[in-house]
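Scroll down for the structure; my scribbles are underneath it.
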Amino acid sequence: MIPAKRFLVAGGAGFIGSHLVRRLLREASTEEITVIDNFSTGDPANLAEVKDDPRITVLTVDITEPLHHHAKYDWVLHLAAIANPTDYEKSPLETLHVNSRGNEQLIRLAARAEARYAFFSSSEVYGYYRQIPRGGLREDTMSHLVLNQARSPNPVGKCFGEEITKYLADRYGVPYVIIRPFNVYGPDMDIKTNYGRVIPNFIRWALSAESLKVQGDGRQIRTFCHIDDFIEALMIVLQHPAPPTVLNIGSPIPTPVLTLAKLVNRLTGNTAGIEFVEKYPYETFSRIPDIRRIRSLGWRPGSNWKKASAKPSTGSKAAPLRLPGPGHQNILPA
Ligand SMILES: NC(=O)c1ccc[n+]([C@@H]2O[C@H](COP(=O)([O-])OP(=O)(O)OC[C@H]3O[C@@H](n4cnc5c(N)ncnc54)[C@H](O)[C@@H]3O)[C@@H](O)[C@H]2O)c1
């Protein structure tokens with residue numbers, strides 16, 4: 001297959017989007033990348049390293065507003081989202097619209113551009129599970145979606161986004177893939193004061209010598225995939241002639257949240273300890289992906305950070321989590 005050369009990346013100034021853009025620009029075959037982002041959470045600094053590359057154009061665009069873009073692309077990639085729990089609790093309509101209206105417009109744009117289309121959904125679509133099936137959540141595992149909760153707009157929006165992608169892309173004859181990321185972490189994650197994701201929260205608290213707030217008893221299970229691994233999985237998908245239409249991408253290694261908290265305290269030397277706080281209602285007990293589909297395309301998830309973190313993080317050859325601030329703190333190895 002001829003390598004894809006032209007990309008439109010919606011949400012390309014965000015965490016995953018900017019890593020993907022930088023990675024695509026390392027490919028000699030990449031001729032053109034258009035980033036569209038409304039910079040609501042995305043940061044121009046994420047693209048500073050590549051902004052002078054003649055192959056990249058960065059446009060301030062809100063994908064929920066009418067889009068009048070006419071150019072040919074090989075891929076249109078929809079990574080735009082209100083992806084932080086605290087933000088989507090505050091902006092439920094915008095969270096829904098980016099997956100509905102914004103998604104529809106990008107699918108139409110992909111049809112005009114004669115491009116393939118990728119919608120970035122989420123592991124959130126699996127919803128609330130007390131016990132997940134043996135071997136993890138498969139792409140066809142039933143969703144246990146929870147409605148009418150403060151955080152419902154994100155998973156509901158993602159489920160709607162998947163459905164509209166399937167039917168609208170089919171109507172226009174646009175080949176598509178739906179990606180379901182499971183907690184991705186790494187350098188340039190947005191660390192805002194009220195950020196809702198567990199790793200940046202823990203690290204932010206640890207670096208300010210605060211106790212780490214763990215919900216419930218901390219036995220809930222998550223998996224954490226380093227951004228470099230995640231991007232390599234995407235590169236396989238983008239160069240594949242006919243990837244499966246729905247793909248989990250994440251680490252299959254279960255980590256109890258309490259273990260993660262202890263690890264962060266140990267690596268940062270934070271002595272403030274752990275504080276157990278009330279659990280968010282309907283916080284799923286366990287979320288582990290079945291990754292057989294993406295594995296069948298040749299992807300292998302990277303090292304287990306629990307092993308790597310036995311060494312001091314500065315000694316790790318893998319890319320660590322880098323935080324804003326003096327010296328870009330390096331905390332968690334890949
Ligand atoms: N990072 C993860 O662990 C994770 C997990 C599950 C799903 N995802 C999904 O992957 C995708 C990328 O996630 P991320 O971590 O890079 O998030 P992010 O918040 O870092 O990036 C999202 C980007 O979308 C932009 N954006 C938001 N609304 C927009 C709009 N209306 N128009 C244009 N741009 C808009 C933001 O400014 C930001 O740059 C999202 O769809 C997210 O839901 C990520």
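Quick note on naming: the chains in the structure tokens go A, B, ... in the order shown, residues restart at 1 in each chain, and ligands are numbered from 1 in order of appearance.
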Give me, as a count of residues only, the set of residues whose atoms come within 8 Å of any atom of ligand 1, counting only C-alpha atoms and all ligand atoms. 51
_Which residues are close to His144 (chain A), i.e. within 8 Å by only C-alpha atoms, leaving aside same-chain residues fewer than 5 positions away? Reply as a VMD selection string._
chain A and resid 125 to 129
Residues within 7 Å of region 243-250 of chain A, please, as a PDB file with N, CA and C atoms, in the first residue's frame. Count only C-alpha atoms; anything in the same chain fewer than 3 positions from it doesn't count.
ATOM      1  N   GLU A 139     -13.953  -5.574  21.903  1.00  0.00           N
ATOM      2  CA  GLU A 139     -14.626  -4.501  21.180  1.00  0.00           C
ATOM      3  C   GLU A 139     -16.133  -4.758  21.072  1.00  0.00           C
ATOM      4  N   TYR A 176     -13.674   3.872   7.552  1.00  0.00           N
ATOM      5  CA  TYR A 176     -13.465   4.474   8.871  1.00  0.00           C
ATOM      6  C   TYR A 176     -12.923   3.468   9.871  1.00  0.00           C
ATOM      7  N   VAL A 177     -12.368   4.037  10.923  1.00  0.00           N
ATOM      8  CA  VAL A 177     -11.959   3.217  12.069  1.00  0.00           C
ATOM      9  C   VAL A 177     -12.312   3.988  13.338  1.00  0.00           C
ATOM     10  N   ILE A 178     -12.752   3.245  14.341  1.00  0.00           N
ATOM     11  CA  ILE A 178     -13.077   3.829  15.642  1.00  0.00           C
ATOM     12  C   ILE A 178     -12.033   3.331  16.635  1.00  0.00           C
ATOM     13  N   ILE A 179     -11.337   4.284  17.261  1.00  0.00           N
ATOM     14  CA  ILE A 179     -10.282   3.931  18.211  1.00  0.00           C
ATOM     15  C   ILE A 179     -10.814   4.137  19.627  1.00  0.00           C
ATOM     16  N   ARG A 180     -10.623   3.125  20.467  1.00  0.00           N
ATOM     17  CA  ARG A 180     -11.016   3.268  21.879  1.00  0.00           C
ATOM     18  C   ARG A 180      -9.760   3.259  22.749  1.00  0.00           C
ATOM     19  N   PRO A 181      -9.236   4.455  23.088  1.00  0.00           N
ATOM     20  CA  PRO A 181      -8.055   4.481  23.966  1.00  0.00           C
ATOM     21  C   PRO A 181      -8.430   4.132  25.405  1.00  0.00           C
ATOM     22  N   PHE A 182      -7.527   3.417  26.077  1.00  0.00           N
ATOM     23  CA  PHE A 182      -7.626   3.141  27.519  1.00  0.00           C
ATOM     24  C   PHE A 182      -6.492   3.934  28.168  1.00  0.00           C
ATOM     25  N   ASN A 183      -6.794   4.764  29.145  1.00  0.00           N
ATOM     26  CA  ASN A 183      -5.800   5.643  29.817  1.00  0.00           C
ATOM     27  C   ASN A 183      -4.411   5.683  29.190  1.00  0.00           C
ATOM     28  N   PHE A 224      -2.606   1.488  32.105  1.00  0.00           N
ATOM     29  CA  PHE A 224      -2.010   2.750  31.671  1.00  0.00           C
ATOM     30  C   PHE A 224      -1.037   2.479  30.529  1.00  0.00           C
ATOM     31  N   CYS A 225      -1.279   3.153  29.429  1.00  0.00           N
ATOM     32  CA  CYS A 225      -0.486   2.916  28.212  1.00  0.00           C
ATOM     33  C   CYS A 225       0.381   4.145  27.952  1.00  0.00           C
ATOM     34  N   PHE A 230       1.259   3.976  22.405  1.00  0.00           N
ATOM     35  CA  PHE A 230      -0.048   4.272  21.811  1.00  0.00           C
ATOM     36  C   PHE A 230       0.126   4.810  20.385  1.00  0.00           C
ATOM     37  N   VAL A 237      -2.157   1.397  12.442  1.00  0.00           N
ATOM     38  CA  VAL A 237      -3.537   1.512  11.938  1.00  0.00           C
ATOM     39  C   VAL A 237      -3.566   2.412  10.697  1.00  0.00           C
ATOM     40  N   HIS A 240      -2.349   0.774   7.588  1.00  0.00           N
ATOM     41  CA  HIS A 240      -2.948  -0.529   7.269  1.00  0.00           C
ATOM     42  C   HIS A 240      -4.002  -0.353   6.176  1.00  0.00           C
ATOM     43  N   PRO A 289      -8.482  -3.674  28.747  1.00  0.00           N
ATOM     44  CA  PRO A 289      -8.848  -3.996  27.363  1.00  0.00           C
ATOM     45  C   PRO A 289      -8.427  -5.401  26.953  1.00  0.00           C
ATOM     46  N   ILE A 291      -6.861  -6.821  23.852  1.00  0.00           N
ATOM     47  CA  ILE A 291      -6.182  -6.134  22.740  1.00  0.00           C
ATOM     48  C   ILE A 291      -5.816  -7.094  21.606  1.00  0.00           C
ATOM     49  N   ARG A 293      -7.297  -7.646  18.845  1.00  0.00           N
ATOM     50  CA  ARG A 293      -7.427  -7.082  17.476  1.00  0.00           C
ATOM     51  C   ARG A 293      -6.204  -6.265  17.086  1.00  0.00           C
ATOM     52  N   ILE A 294      -5.805  -5.338  17.967  1.00  0.00           N
ATOM     53  CA  ILE A 294      -4.662  -4.491  17.586  1.00  0.00           C
ATOM     54  C   ILE A 294      -3.372  -5.322  17.573  1.00  0.00           C
TER      55      ILE A 294
END
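Proximity of A:Phe160, A:Tyr73, A:Phe276, A:Tyr167 to Leu212 (chain A), computed with only C-alpha atoms, is greatest for A:Phe276.
CA of Gly186 (chain A) to CA of Arg23 (chain A) spans 14.3 Å [interatomic distance, one decimal].
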> Residues at most 10 Å from Arg22 (chain A), counting only C-alpha atoms, excluding those fewer than 4 positions away in the same chain, as a ChimeraX atom specification?
Replying inline: /A:12,17-18,26-27,46-47,49-51,56
Note to self: List the spatial neighbours of Val277 (chain A) as a count of residues only - criterion: any atom at most 7 Å away, only C-alpha atoms, same-chain residues fewer than 6 positions off excluded.
What the structure shows: 4
Requested in this report: Based on DSSP run over this structure's backbone, return all residues of region 39-121 of chain A in strand (DSSP E), as a ChimeraX atom specification.
Outcome: /A:56-60,75-78,116-120
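The shell of residues at most 10 Å from Thr141 (chain A), with only C-alpha atoms counted and near chain neighbours (fewer than 3 positions) removed, consists of Tyr126, Ile132, Pro133, Gly136, Leu137, Arg138, His144 and Asp290 of chain A.
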Those same residues - C-alpha atoms - I'd like them written as a short mmCIF file (atom, residue, chain, number, x, y, z; two decimals), in the first residue's frame.
data_model
loop_
_atom_site.label_atom_id
_atom_site.label_comp_id
_atom_site.auth_asym_id
_atom_site.auth_seq_id
_atom_site.Cartn_x
_atom_site.Cartn_y
_atom_site.Cartn_z
CA TYR A 126 -17.94 0.17 28.13
CA ILE A 132 -15.31 -7.44 33.63
CA PRO A 133 -15.24 -10.55 31.41
CA GLY A 136 -10.72 -8.05 29.31
CA LEU A 137 -13.23 -5.90 27.47
CA ARG A 138 -13.52 -6.94 23.83
CA HIS A 144 -23.06 -0.80 30.64
CA ASP A 290 -8.77 -7.16 25.32
#
